[in-house]
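Asks: Take this structure, written in structure tokens, and hold onto it; I'll ask about it next.
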Amino acid sequence: MQTLFTPDQLKDPSITVANDILRKCVHCGFCTATCPTYVLLGDEADSPRGRIYMIKEMLESGKPASDQVVKHVDRCLTCLSCMTTCPASVDYMHLVDHARVHMEMTHTRPLPERLLRDILAVVVPSPLLFRMSLMGAWFAKPFAKLFPGRLSGLVAMAPAKLEGSPVDRPQVFPAEGERKKRVALMAGCAQQVLWPSINEATVRLLTRHGCEVVIAEGAGCCGALTHHMGKEKEAHGSARANIEAWERAGADGPLDAVVINASGCGTTVKDYGFMLRTDAEWAERARKISDMTVDLTEFLTDIGLMETDLDGERPSVAYHSACSLQHGQQVTKEPKALLEKAGFEVRQPGESHICCGSAGSYNLLQPEIAGQLLERKVKNLKKTRADVIAAGNIGCMVHIAKGLTGPDAPQVVHTVELLDWATGGPKPAGMA
């Protein structure tokens with residue numbers, strides 16, 4: 001693709017990166033076949049190729065983002081399926097990230113939109129505020145249908161009960177037996193409120209495999225939510241706080257890895273090196289953290305899963321591959337291989353490359369499209385007739401569980417909960 005940036009524009013490191021990305025695009029359109037919004041809506045402007053053209057024109061002009069550009073870029077799930085498909089290796093992720101920063105800086109959204117985004121950006125990354133908001137939403141749940149569309153989605157997110165976990169406090173969990181590895185585990189923000197058993201299962205599984213697990217003081221939200229809203233200052237602040245926390249944890253004994261059990265967070269933490277590349281003080285520190293960050297299933301594959309000790313018949317598992325894991329991190333084989341090694345029959349749903357519609361806060365900001373994608377995803381998962389559905393990302397789990405209703409609906413669990421159970425931990429809650 002030909003670009004027309006001026007020499008002065010190219011002095012901006014972000015524009016230089018955008019220029020290099022744009023020039024790789026060869027207009028082939030392969031991305032349209034795997035883009036969820038194009039598959040649903042059939043509009044070129046809602047395809048990666050269409051968005052690339054609009055972003056190019058917006059950045060070249062240097063003008064504020066138009067309503068049209070904002071509308072179609074907002075509809076992008078950032079599922080990154082287009083990057084898996086692209087034969088020219090176009091780095092769409094960093095291009096759309098830059099476009100969103102430009103949009104946030106130059107475009108004024110309607111007041112209700114600004115308020116919703118600001119509320120999400122403040123509340124969700126804070127476990128305390130998020131828990132309090134869900135408690136309020138729980139009381140409002142009987143009246144959810146009376147709320148405007150996007151607020152009703154927030155109310156509906158409130159689980160039947162809210163439970164805390166002592167696992168998420170800053171502390172060190174010693175390895176069982178001889179210590180083989182020392183790792184930091186990201187406790188996350190929304191996950192520890194919505195599904196605390198995930199971190200509990202992760203700690204049990206890692207310590208059982210000879211790992212000392214550190215929950216570092218000062219580590220918190222990965223920054224993904226604000227990052228994908230174009231709120232660069234807030235996202236970079238979260239990144240710096242985590243880098244500093246894990247550096248301190250490493251000072252007490254070298255860390256072998258930063259382990260992430262929420263793939264949306266993992267994709268962002270692995271990108272810290274790029275996010276802070278122009279910051280002289282933080283660039284190298286960020287790169288080191290990114291280089292040592294792994295998804296839990298990558299780490300378990302590397303150290304080797306112990307022999308399983310489940311008695312009786314194991315349930316069949318439909319594995320939902322989160323977009324942030326399969327497209328964002330290119331981790332595709334490891335989760336299924338681990339489940340199979342643990343003795344589970346793994347079934348692959350149709351259209352596994354298509355997003356479920358969760359995509360961070362997308363299901364709250366774009367509920368209509370998210371709902372259509374959820375319906376499609378649930379239909380494909382049900383076709384597997386599996387006993388249970390496993391995934392590696394909290395957002396997908398909560399979203400998919402919302403679409404599974406009825407007494408015969410399969411239980412949704414995290415991959416780690418099944419692996420923990422298979423190697424000596426408790427049976428995941430709710431499983432028959």
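Letters for chains follow the order of the structure tokens (A, B, ...), residue numbers begin at 1 for each chain, and ligand numbers begin at 1 in the order shown.
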Would you list, as an mmCIF file with N, CA and C atoms, in the first residue's frame, the residues of segment 165-339 of chain A that end up in strand (DSSP E or B) under DSSP run on this structure's backbone?
Replies:
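The resulting file, states12.cif, is reproduced below:
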data_model
loop_
_atom_site.group_PDB
_atom_site.id
_atom_site.type_symbol
_atom_site.label_atom_id
_atom_site.label_comp_id
_atom_site.auth_asym_id
_atom_site.auth_seq_id
_atom_site.Cartn_x
_atom_site.Cartn_y
_atom_site.Cartn_z
ATOM 1 N N GLN A 171 1.786 -12.504 48.486
ATOM 2 C CA GLN A 171 2.351 -13.563 49.327
ATOM 3 C C GLN A 171 3.185 -14.512 48.468
ATOM 4 N N VAL A 172 3.810 -15.462 49.125
ATOM 5 C CA VAL A 172 4.614 -16.470 48.427
ATOM 6 C C VAL A 172 4.090 -17.850 48.806
ATOM 7 N N PHE A 173 3.831 -18.671 47.806
ATOM 8 C CA PHE A 173 3.385 -20.045 48.028
ATOM 9 C C PHE A 173 4.568 -20.977 47.756
ATOM 10 N N LYS A 181 11.214 -24.279 40.041
ATOM 11 C CA LYS A 181 11.052 -22.985 39.399
ATOM 12 C C LYS A 181 10.515 -21.977 40.414
ATOM 13 N N ARG A 182 10.783 -20.710 40.152
ATOM 14 C CA ARG A 182 10.195 -19.620 40.940
ATOM 15 C C ARG A 182 9.512 -18.674 39.963
ATOM 16 N N VAL A 183 8.205 -18.491 40.113
ATOM 17 C CA VAL A 183 7.442 -17.714 39.129
ATOM 18 C C VAL A 183 6.561 -16.682 39.820
ATOM 19 N N ALA A 184 6.270 -15.611 39.098
ATOM 20 C CA ALA A 184 5.271 -14.640 39.536
ATOM 21 C C ALA A 184 3.977 -14.968 38.817
ATOM 22 N N LEU A 185 2.880 -14.973 39.541
ATOM 23 C CA LEU A 185 1.562 -15.200 38.952
ATOM 24 C C LEU A 185 0.787 -13.893 38.987
ATOM 25 N N CYS A 211 6.856 -25.594 41.778
ATOM 26 C CA CYS A 211 7.093 -24.164 41.543
ATOM 27 C C CYS A 211 6.759 -23.339 42.777
ATOM 28 N N GLU A 212 7.652 -22.445 43.136
ATOM 29 C CA GLU A 212 7.337 -21.435 44.135
ATOM 30 C C GLU A 212 6.587 -20.319 43.417
ATOM 31 N N VAL A 213 5.425 -19.938 43.946
ATOM 32 C CA VAL A 213 4.559 -18.971 43.267
ATOM 33 C C VAL A 213 4.484 -17.684 44.072
ATOM 34 N N VAL A 214 4.807 -16.572 43.416
ATOM 35 C CA VAL A 214 4.811 -15.258 44.054
ATOM 36 C C VAL A 214 3.642 -14.426 43.531
ATOM 37 N N ILE A 215 2.805 -13.942 44.443
ATOM 38 C CA ILE A 215 1.820 -12.912 44.107
ATOM 39 C C ILE A 215 2.457 -11.603 44.551
ATOM 40 N N ALA A 257 9.809 -16.981 35.378
ATOM 41 C CA ALA A 257 8.753 -16.589 34.443
ATOM 42 C C ALA A 257 7.709 -15.743 35.152
ATOM 43 N N VAL A 258 6.992 -14.957 34.355
ATOM 44 C CA VAL A 258 5.742 -14.341 34.790
ATOM 45 C C VAL A 258 4.645 -15.162 34.130
ATOM 46 N N VAL A 259 3.847 -15.837 34.931
ATOM 47 C CA VAL A 259 2.829 -16.749 34.415
ATOM 48 C C VAL A 259 1.464 -16.058 34.412
ATOM 49 N N ILE A 260 0.779 -16.130 33.289
ATOM 50 C CA ILE A 260 -0.538 -15.505 33.122
ATOM 51 C C ILE A 260 -1.563 -16.588 32.831
ATOM 52 N N THR A 293 7.377 -13.500 30.036
ATOM 53 C CA THR A 293 5.952 -13.746 30.248
ATOM 54 C C THR A 293 5.468 -14.910 29.399
ATOM 55 N N VAL A 294 4.732 -15.811 30.025
ATOM 56 C CA VAL A 294 4.204 -16.988 29.322
ATOM 57 C C VAL A 294 2.773 -17.251 29.751
ATOM 58 N N ASP A 295 1.994 -17.797 28.831
ATOM 59 C CA ASP A 295 0.687 -18.311 29.217
ATOM 60 C C ASP A 295 0.902 -19.548 30.075
ATOM 61 N N SER A 316 -16.011 -35.369 28.557
ATOM 62 C CA SER A 316 -15.526 -34.849 27.281
ATOM 63 C C SER A 316 -15.487 -33.326 27.370
ATOM 64 N N VAL A 317 -14.526 -32.727 26.671
ATOM 65 C CA VAL A 317 -14.289 -31.284 26.793
ATOM 66 C C VAL A 317 -14.327 -30.628 25.417
ATOM 67 N N ALA A 318 -15.183 -29.609 25.271
ATOM 68 C CA ALA A 318 -15.139 -28.744 24.084
ATOM 69 C C ALA A 318 -14.201 -27.596 24.433
ATOM 70 N N TYR A 319 -13.081 -27.501 23.715
ATOM 71 C CA TYR A 319 -12.100 -26.464 24.041
ATOM 72 C C TYR A 319 -12.381 -25.216 23.218
ATOM 73 N N HIS A 320 -12.662 -24.116 23.907
ATOM 74 C CA HIS A 320 -12.829 -22.812 23.255
ATOM 75 C C HIS A 320 -11.490 -22.091 23.276
#
Asks: My list of candidates is A:Leu365, A:Leu373, A:Ala65, A:Ala245. Which is closest to Pro112 of chain A when distances are computed with only C-alpha atoms?
Replies: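 Ranked by minimum distance to Pro112 of chain A, first place goes to A:Leu365.
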Asks: Counting only C-alpha atoms, give me one row per residue of segment 35-87 of chain A with an atom at most 12 Å from an atom of segment 335-354 of chain A, showing the shortest contact pair and its distance in Å to one decimal, sorted by chain then residue number, as a tab-separated table.
Replies:
residue	atom	partner	partner_atom	distance
A:Cys35	CA	A:Ile354	CA	7.5
A:Pro36	CA	A:Ile354	CA	6.0
A:Thr37	CA	A:Ile354	CA	9.7
A:Tyr38	CA	A:Ile354	CA	11.2
A:Val39	CA	A:Ile354	CA	9.3
A:Leu40	CA	A:Ile354	CA	10.7
A:Leu77	CA	A:Ile354	CA	10.6
A:Thr78	CA	A:Ile354	CA	11.6
A:Cys79	CA	A:Ile354	CA	8.3
A:Leu80	CA	A:His353	CA	9.8
A:Ser81	CA	A:His353	CA	6.8
A:Cys82	CA	A:His353	CA	10.0
A:Met83	CA	A:His353	CA	11.6
A:Thr84	CA	A:His353	CA	9.4
A:Thr85	CA	A:His353	CA	10.1
Asks: What is the distance, in Å and to one decimal place, between atom CA of Lys270 of chain A and atom CA of Ile289 of chain A?
Replies: 7.6 Å
Asks: Applying 6 Å and only C-alpha atoms, which residues near segment 416-431 of chain A remain after dropping the ones on its own chain fewer than 3 positions away? List them as JSON, numbers by chain.
Replies: {"A": [201, 205, 308, 309, 310]}
Asks: Can you pull out every residue from segment 334-369 of chain A that DSSP, working from the backbone, puts in helix (DSSP H, G or I), and format the result as an mmCIF file with C-alpha atoms, in the first residue's frame?
Replies:
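Everything below was put into selection.cif:
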data_model
loop_
_atom_site.group_PDB
_atom_site.id
_atom_site.type_symbol
_atom_site.label_atom_id
_atom_site.label_comp_id
_atom_site.auth_asym_id
_atom_site.auth_seq_id
_atom_site.Cartn_x
_atom_site.Cartn_y
_atom_site.Cartn_z
ATOM 1 C CA GLU A 334 -0.568 -26.541 24.075
ATOM 2 C CA PRO A 335 -3.951 -26.290 25.890
ATOM 3 C CA LYS A 336 -5.520 -29.142 23.920
ATOM 4 C CA ALA A 337 -2.409 -31.323 24.249
ATOM 5 C CA LEU A 338 -2.342 -30.820 28.027
ATOM 6 C CA LEU A 339 -6.023 -31.698 28.369
ATOM 7 C CA GLU A 340 -5.528 -34.825 26.278
ATOM 8 C CA LYS A 341 -2.472 -35.813 28.318
ATOM 9 C CA TYR A 362 -16.629 -5.163 23.780
ATOM 10 C CA ASN A 363 -19.740 -7.020 24.986
ATOM 11 C CA LEU A 364 -20.610 -3.939 27.058
ATOM 12 C CA LEU A 365 -19.694 -1.334 24.442
ATOM 13 C CA PRO A 367 -23.768 -5.448 22.879
ATOM 14 C CA GLU A 368 -25.718 -6.078 19.669
ATOM 15 C CA ILE A 369 -22.766 -7.441 17.670
#
Asks: Need to verify the contact set: Asp97 of chain A, 8 Å, only C-alpha atoms, exclusion of same-chain residues closer than 2 positions in sequence. Can you return it as a PDB file with C-alpha atoms, in the first residue's frame?
Replies:
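Writing done, so here's part23.pdb:
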ATOM      1  CA  MET A  93      -2.758  -4.987  16.241  1.00  0.00           C
ATOM      2  CA  HIS A  94      -0.300  -2.129  16.619  1.00  0.00           C
ATOM      3  CA  LEU A  95      -1.933  -0.153  13.811  1.00  0.00           C
ATOM      4  CA  ALA A  99      -5.585   4.582  15.698  1.00  0.00           C
ATOM      5  CA  ARG A 100      -7.455   4.304  18.995  1.00  0.00           C
ATOM      6  CA  VAL A 101      -4.984   6.587  20.747  1.00  0.00           C
ATOM      7  CA  HIS A 227      -5.155   0.184  26.236  1.00  0.00           C
ATOM      8  CA  HIS A 228      -7.920  -0.935  23.883  1.00  0.00           C
ATOM      9  CA  GLY A 230      -6.932   4.342  23.473  1.00  0.00           C
TER      10      GLY A 230
END
Asks: Neighbouring residues of Arg376 of chain A were defined as those with any atom within 10 Å, considering only C-alpha atoms; residues of the same chain fewer than 2 positions away were excluded. Please report them as a list in words.
Replies: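 Using only C-alpha atoms, the neighbours found are Gly350, Glu351, Ile354, Cys355, Cys356, Gly357, Ala370, Gly371, Gln372, Leu373, Leu374, Val378, Lys379, Asn380, Leu381 and Gly403 of chain A.
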Asks: Residues of the last selection are to be written out with N, CA and C atoms, as a short mmCIF file (atom, residue, chain, number, x, y, z; two decimals), in the first residue's frame.
Replies:
data_model
loop_
_atom_site.label_atom_id
_atom_site.label_comp_id
_atom_site.auth_asym_id
_atom_site.auth_seq_id
_atom_site.Cartn_x
_atom_site.Cartn_y
_atom_site.Cartn_z
N GLY A 350 -16.87 -26.07 15.72
CA GLY A 350 -16.78 -25.40 14.42
C GLY A 350 -16.52 -23.92 14.59
N GLU A 351 -15.96 -23.31 13.56
CA GLU A 351 -15.65 -21.87 13.54
C GLU A 351 -14.87 -21.44 14.78
N ILE A 354 -13.42 -17.91 15.08
CA ILE A 354 -14.29 -16.74 15.18
C ILE A 354 -14.53 -16.36 16.64
N CYS A 355 -14.43 -15.07 16.94
CA CYS A 355 -14.54 -14.55 18.30
C CYS A 355 -15.92 -14.83 18.90
N CYS A 356 -15.95 -15.03 20.22
CA CYS A 356 -17.21 -15.25 20.93
C CYS A 356 -17.97 -13.95 21.18
N GLY A 357 -17.29 -12.80 21.01
CA GLY A 357 -17.94 -11.52 21.21
C GLY A 357 -17.62 -10.83 22.52
N ALA A 370 -21.91 -8.22 19.80
CA ALA A 370 -21.42 -9.24 20.75
C ALA A 370 -22.46 -10.33 20.96
N GLY A 371 -23.72 -9.94 21.03
CA GLY A 371 -24.79 -10.91 21.21
C GLY A 371 -24.93 -11.85 20.03
N GLN A 372 -24.79 -11.34 18.82
CA GLN A 372 -24.86 -12.17 17.62
C GLN A 372 -23.71 -13.17 17.58
N LEU A 373 -22.53 -12.71 17.95
CA LEU A 373 -21.37 -13.60 17.96
C LEU A 373 -21.49 -14.65 19.06
N LEU A 374 -22.05 -14.27 20.19
CA LEU A 374 -22.26 -15.22 21.27
C LEU A 374 -23.22 -16.33 20.84
N VAL A 378 -22.11 -20.21 20.84
CA VAL A 378 -22.80 -21.19 21.67
C VAL A 378 -23.38 -22.31 20.81
N LYS A 379 -23.92 -21.97 19.66
CA LYS A 379 -24.47 -22.97 18.74
C LYS A 379 -23.40 -23.97 18.34
N ASN A 380 -22.21 -23.48 18.01
CA ASN A 380 -21.11 -24.36 17.61
C ASN A 380 -20.59 -25.20 18.77
N LEU A 381 -20.55 -24.63 19.95
CA LEU A 381 -20.11 -25.38 21.13
C LEU A 381 -21.09 -26.49 21.48
N GLY A 403 -24.53 -17.29 27.71
CA GLY A 403 -25.31 -17.79 26.58
C GLY A 403 -25.77 -19.23 26.72
#
Asks: Show which residues sit within 7 Å of Glu176 of chain A, as a PDB file with N, CA and C atoms, in the first residue's frame. Count only C-alpha atoms, and ignore same-chain residues fewer than 6 positions away.
Replies:
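Here's the written file around-v7.pdb:
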ATOM      1  N   THR A 207       2.377 -25.210  42.381  1.00  0.00           N
ATOM      2  CA  THR A 207       3.148 -25.673  43.546  1.00  0.00           C
ATOM      3  C   THR A 207       3.281 -27.187  43.534  1.00  0.00           C
ATOM      4  N   ARG A 208       2.234 -27.880  43.057  1.00  0.00           N
ATOM      5  CA  ARG A 208       2.275 -29.344  42.943  1.00  0.00           C
ATOM      6  C   ARG A 208       3.366 -29.783  41.958  1.00  0.00           C
ATOM      7  N   GLY A 210       6.249 -28.314  41.641  1.00  0.00           N
ATOM      8  CA  GLY A 210       7.559 -27.890  42.123  1.00  0.00           C
ATOM      9  C   GLY A 210       7.888 -26.431  41.888  1.00  0.00           C
TER      10      GLY A 210
END
Asks: Set the distance at 6 Å and use only C-alpha atoms: which residues neighbour segment 2-15 of chain A once local chain neighbours fewer than 3 positions away are removed? I'd like the list as a CSV table (one decimal) with C-alpha atoms, in the first residue's frame.
Replies:
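What follows is the written file selection06.csv:
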chain,number,residue,atom,x,y,z
A,18,ALA,CA,2.2,2.9,11.2
A,19,ASN,CA,3.8,3.7,7.9
A,60,GLU,CA,-2.0,11.0,6.8
Asks: Hey, which of A:Asp118, A:Arg314, A:Ser238, A:Met292 ends up closest to Pro254 of chain A? Count only C-alpha atoms.
Replies: A:Met292
Asks: Pick out the closest residue to Ala224 of chain A from this set: A:Lys63, A:Lys56, A:Arg117, A:His236. Count only C-alpha atoms.
Replies: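 Closest to Ala224 of chain A of all the choices is A:His236.
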Asks: For Ala88 of chain A, which of A:Val17, A:Ala390, A:Met1, A:Leu116 is the closest residue, counting only C-alpha atoms?
Replies: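 Among the listed residues, A:Met1 lies closest to Ala88 of chain A.
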